[in-house]
>>> print(open('entry-v1.txt').read())   # compact mmCIF, C-alpha atoms
# COMPACT_ATOMS: atom_id res chain seq x y z
CA MET A 799 -1.13 -17.74 -9.49
CA LYS A 800 -4.11 -19.76 -8.27
CA GLU A 801 -2.57 -19.96 -4.80
CA TYR A 802 -2.11 -16.20 -4.76
CA VAL A 803 -5.75 -15.57 -5.74
CA GLU A 804 -6.95 -18.05 -3.11
CA LYS A 805 -4.75 -16.31 -0.54
CA MET A 806 -6.16 -12.89 -1.49
CA ILE A 807 -9.72 -14.20 -1.15
CA LYS A 808 -8.98 -15.83 2.19
CA GLU A 809 -7.13 -12.82 3.63
CA TYR A 810 -9.53 -10.17 2.29
CA PRO A 811 -11.29 -9.49 5.62
CA GLU A 812 -7.97 -9.30 7.48
CA MET A 813 -6.54 -6.96 4.83
CA LYS A 814 -9.52 -4.60 5.21
CA PHE A 815 -9.06 -4.62 8.99
CA GLU A 816 -5.32 -3.96 8.69
CA ARG A 817 -5.97 -1.11 6.24
CA SER A 818 -8.33 0.60 8.68
CA CYS A 819 -5.80 0.12 11.50
CA LEU A 820 -3.06 1.67 9.37
CA MET A 821 -5.33 4.62 8.57
CA SER A 822 -5.96 5.31 12.25
CA GLN A 823 -2.25 4.94 13.02
CA MET A 824 -1.39 7.46 10.29
CA LYS A 825 -3.91 9.93 11.72
CA SER A 826 -2.25 9.77 15.12
CA CYS A 827 1.33 9.33 13.98
CA LYS A 828 2.99 11.02 16.91
CA ILE A 829 6.20 9.86 18.55
CA THR A 830 6.32 10.26 22.30
CA ASP A 831 9.00 12.35 23.96
CA GLU A 832 10.17 9.24 25.80
CA ASP A 833 10.81 7.45 22.49
CA VAL A 834 12.90 10.36 21.24
CA ILE A 835 14.88 10.57 24.47
CA TYR A 836 15.49 6.82 24.35
CA SER A 837 16.73 7.03 20.75
CA MET A 838 18.97 9.96 21.60
CA CYS A 839 20.47 8.19 24.62
CA PHE A 840 21.52 5.20 22.57
CA SER A 841 22.65 6.96 19.41
CA HIS A 842 26.14 8.03 18.58
CA PRO A 843 27.00 11.72 18.90
CA GLU A 844 27.20 13.69 15.70
CA GLY A 845 29.93 16.19 14.90
CA GLU A 846 33.12 17.02 16.70
CA ARG A 847 33.34 17.04 20.46
CA VAL A 848 35.71 20.01 20.79
CA GLN A 849 34.35 23.06 22.59
CA THR A 850 35.25 26.23 20.70
CA SER A 851 34.00 28.85 23.13
CA GLY A 852 34.01 29.34 26.83
CA ILE A 853 30.20 29.27 27.07
CA SER A 854 28.43 25.92 26.85
CA ASP A 855 25.46 25.80 24.54
CA LYS A 856 24.69 22.15 25.22
CA THR A 857 21.12 22.83 26.29
CA ALA A 858 20.26 24.65 23.07
CA LYS A 859 21.91 21.95 20.97
CA VAL A 860 20.05 19.22 22.83
CA ALA A 861 16.74 21.02 22.40
CA LEU A 862 17.28 21.56 18.68
CA SER A 863 18.51 18.03 18.26
CA PHE A 864 15.47 16.73 20.14
CA ARG A 865 13.04 18.66 17.95
CA ASP A 866 14.76 17.58 14.73
CA ARG A 867 14.99 13.96 15.83
CA LYS A 868 11.32 13.87 16.81
CA ARG A 869 10.22 15.40 13.50
CA ARG A 870 12.40 12.96 11.56
CA MET A 871 11.12 9.95 13.52
CA GLU A 872 7.48 10.99 12.98
CA GLU A 873 8.10 11.50 9.29
CA GLU A 874 9.82 8.11 8.91
CA ARG A 875 7.03 6.36 10.79
CA TYR A 876 4.35 8.07 8.72
CA ASN A 877 6.13 7.19 5.46
CA PHE A 878 6.45 3.56 6.53
CA LEU A 879 2.76 3.35 7.46
CA PHE A 880 1.71 5.17 4.30
CA GLU A 881 3.63 2.79 2.04
CA LYS A 882 2.04 -0.21 3.75
CA TYR A 883 -1.38 1.43 3.52
CA GLN A 884 -0.92 2.26 -0.16
CA HIS A 885 0.07 -1.31 -1.02
CA LEU A 886 -2.84 -2.80 0.91
CA ASP A 887 -5.30 -0.32 -0.57
CA GLU A 888 -4.11 -1.13 -4.08
CA GLU A 889 -4.51 -4.86 -3.53
CA ILE A 890 -7.96 -4.49 -1.96
CA SER A 891 -9.15 -2.11 -4.67
CA PHE A 892 -7.92 -4.37 -7.45
CA LEU A 893 -9.64 -7.41 -5.95
CA GLU A 894 -12.90 -5.53 -5.37
CA SER A 895 -12.97 -3.95 -8.83
CA THR A 896 -12.11 -7.23 -10.53
CA ILE A 897 -14.89 -9.03 -8.69
CA ALA A 898 -17.27 -6.19 -9.60
CA ASP A 899 -16.30 -6.67 -13.28
CA ILE A 900 -17.25 -10.36 -13.31
CA PRO A 901 -20.40 -10.50 -15.44
CA GLY A 902 -23.82 -11.73 -14.39
CA GLU A 903 -24.75 -14.00 -11.54
CA LEU A 904 -21.17 -15.22 -11.22
CA GLY A 905 -20.10 -11.71 -10.23
CA GLU A 906 -22.91 -11.45 -7.69
CA ILE A 907 -21.97 -14.79 -6.17
CA MET A 908 -18.27 -13.95 -5.93
CA SER A 909 -19.11 -10.57 -4.42
CA GLU A 910 -21.32 -12.20 -1.79
CA LEU A 911 -18.71 -14.83 -0.95
CA VAL A 912 -15.63 -12.60 -0.87
CA ILE A 913 -16.60 -8.98 -0.29
CA GLU A 914 -19.75 -9.40 1.78
CA GLY A 915 -18.43 -12.50 3.58
CA ASP A 916 -21.62 -14.54 3.22
CA THR A 917 -21.45 -18.24 4.00
CA TRP A 918 -21.87 -20.86 1.30
CA GLU A 919 -25.24 -21.80 2.74
CA GLU A 920 -26.48 -18.21 2.59
CA VAL A 921 -25.35 -17.84 -1.02
CA CYS A 922 -26.90 -21.17 -2.01
CA PHE A 923 -30.19 -20.14 -0.40
CA SER A 924 -30.27 -16.62 -1.90
CA HIS A 925 -29.53 -17.89 -5.44
CA CYS A 926 -31.52 -21.16 -5.18
CA ILE A 927 -28.56 -23.31 -6.17
CA GLY A 928 -26.92 -26.37 -4.70
CA ILE A 929 -23.55 -26.56 -3.00
CA HIS A 930 -21.97 -28.36 -5.99
CA LYS A 931 -23.21 -25.69 -8.41
CA LEU A 932 -21.84 -23.00 -6.08
CA SER A 933 -18.50 -24.80 -5.94
CA ASP A 934 -18.36 -24.89 -9.75
CA MET A 935 -19.28 -21.21 -9.99
CA ARG A 936 -16.65 -20.29 -7.41
CA LYS A 937 -14.04 -22.15 -9.48
CA GLN A 938 -15.14 -20.17 -12.56
CA GLY A 939 -14.87 -16.94 -10.57
CA ILE A 940 -11.38 -17.86 -9.42
CA LYS A 941 -10.37 -18.57 -13.03
CA TYR A 942 -11.64 -15.10 -13.97
CA LEU A 943 -9.63 -13.57 -11.13
CA ILE A 944 -6.52 -15.52 -12.12
CA ARG A 945 -6.73 -14.13 -15.67
CA ALA A 946 -7.14 -10.60 -14.30
CA TYR A 947 -4.14 -10.96 -11.98
CA GLN A 948 -2.07 -12.43 -14.82
CA ARG A 949 -2.99 -9.46 -17.04
CA ARG A 950 -1.99 -7.07 -14.26
CA GLU A 951 1.28 -8.92 -13.71
CA SER A 952 2.16 -8.86 -17.42
CA MET A 953 1.35 -5.13 -17.63
CA VAL A 954 3.60 -4.42 -14.65
CA ALA A 955 6.37 -6.55 -16.18
CA SER A 956 6.10 -4.81 -19.55
CA TYR A 957 6.17 -1.42 -17.82
CA LEU A 958 9.25 -2.35 -15.80
CA LEU A 959 11.03 -3.71 -18.87
CA SER A 960 10.27 -0.71 -21.07
>>> encode(input="entry-v1.txt", output="structure tokens")
Amino acid sequence: MKEYVEKMIKEYPEMKFERSCLMSQMKSCKITDEDVIYSMCFSHPEGERVQTSGISDKTAKVALSFRDRKRRMEEERYNFLFEKYQHLDEEISFLESTIADIPGELGEIMSELVIEGDTWEEVCFSHCIGIHKLSDMRKQGIKYLIRAYQRRESMVASYLLS
């Protein structure tokens, strides 16, 4: 669990960036006509290939098929992006709220290190502490986070098993 918490702390800035990218992708979640045409060219035909009337209605079928395919592709893409966004947002929110719940100066220090992205030197200077004291406090903060993640994991497990 310690490795997971360390990974979350390390990847926090990248996760925030990815979340904002996913949000902008979801806002402009349009599939181009070329993508739809490409997918239609390399897909297998649906239905029977027997013509039942003397008049060909291929153009109408292609147009309807194109519209349906495009709508379906946009919906699938949006759902994929939304699921990724939701997962990332949940992880970021949990980390931020857990750090905010750490009491006292330890919470301030962890917030400055992780959420605000301050350097160790900046945190040492702003709190008038040495690098060894900061290292010890960071270890305490990580222990707090580990307990919180373990509680979350056990709640999820108990929910899934109930």
>>> atom_distance(input="entry-v1.txt", atom1="atom CA of A:Ile944", atom2="atom CA of A:Asp916")
21.5 Å
>>> residues_around(input="entry-v1.txt", residues="A:Lys814", least_positions_apart="3", cutoff="10 Å", atoms="all atoms listed in the file", output="PyMOL selection string")
chain A and resi 809-811+817-820+886-887+890+913
>>> write_last_selection(input="entry-v1.txt", atoms="C-alpha atoms", output="mmCIF file, in the coordinates of the input")
data_model
loop_
_atom_site.group_PDB
_atom_site.id
_atom_site.type_symbol
_atom_site.label_atom_id
_atom_site.label_comp_id
_atom_site.auth_asym_id
_atom_site.auth_seq_id
_atom_site.Cartn_x
_atom_site.Cartn_y
_atom_site.Cartn_z
ATOM 1 C CA GLU A 809 -7.130 -12.820 3.630
ATOM 2 C CA TYR A 810 -9.530 -10.170 2.290
ATOM 3 C CA PRO A 811 -11.290 -9.490 5.620
ATOM 4 C CA ARG A 817 -5.970 -1.110 6.240
ATOM 5 C CA SER A 818 -8.330 0.600 8.680
ATOM 6 C CA CYS A 819 -5.800 0.120 11.500
ATOM 7 C CA LEU A 820 -3.060 1.670 9.370
ATOM 8 C CA LEU A 886 -2.840 -2.800 0.910
ATOM 9 C CA ASP A 887 -5.300 -0.320 -0.570
ATOM 10 C CA ILE A 890 -7.960 -4.490 -1.960
ATOM 11 C CA ILE A 913 -16.600 -8.980 -0.290
#
>>> closest_residue(input="entry-v1.txt", among="A:Gly939, A:Lys882, A:Lys800, A:Lys828", to="A:Arg869", atoms="only C-alpha atoms")
A:Lys828
>>> closest_residue(input="entry-v1.txt", among="A:Arg945, A:His930, A:His925, A:Lys937", to="A:Ile907", atoms="all atoms listed in the file")
A:His925
>>> residues_near_point(input="entry-v1.txt", point="(-11.2, -19.1, -8.5)", cutoff="12 Å", atoms="all atoms listed in the file", output="PyMOL selection string")
chain A and resi 799-808+897+900+904-905+907-908+911-912+932-947
>>> atom_distance(input="entry-v1.txt", atom1="atom CA of A:Phe880", atom2="atom CA of A:Met824")
7.1 Å
>>> atom_distance(input="entry-v1.txt", atom1="atom CA of A:Cys922", atom2="atom CA of A:Asp899")
21.2 Å
>>> closest_residue(input="entry-v1.txt", among="A:Arg865, A:Gln884, A:Glu872, A:Glu889", to="A:Met813", atoms="all atoms listed in the file")
A:Glu889
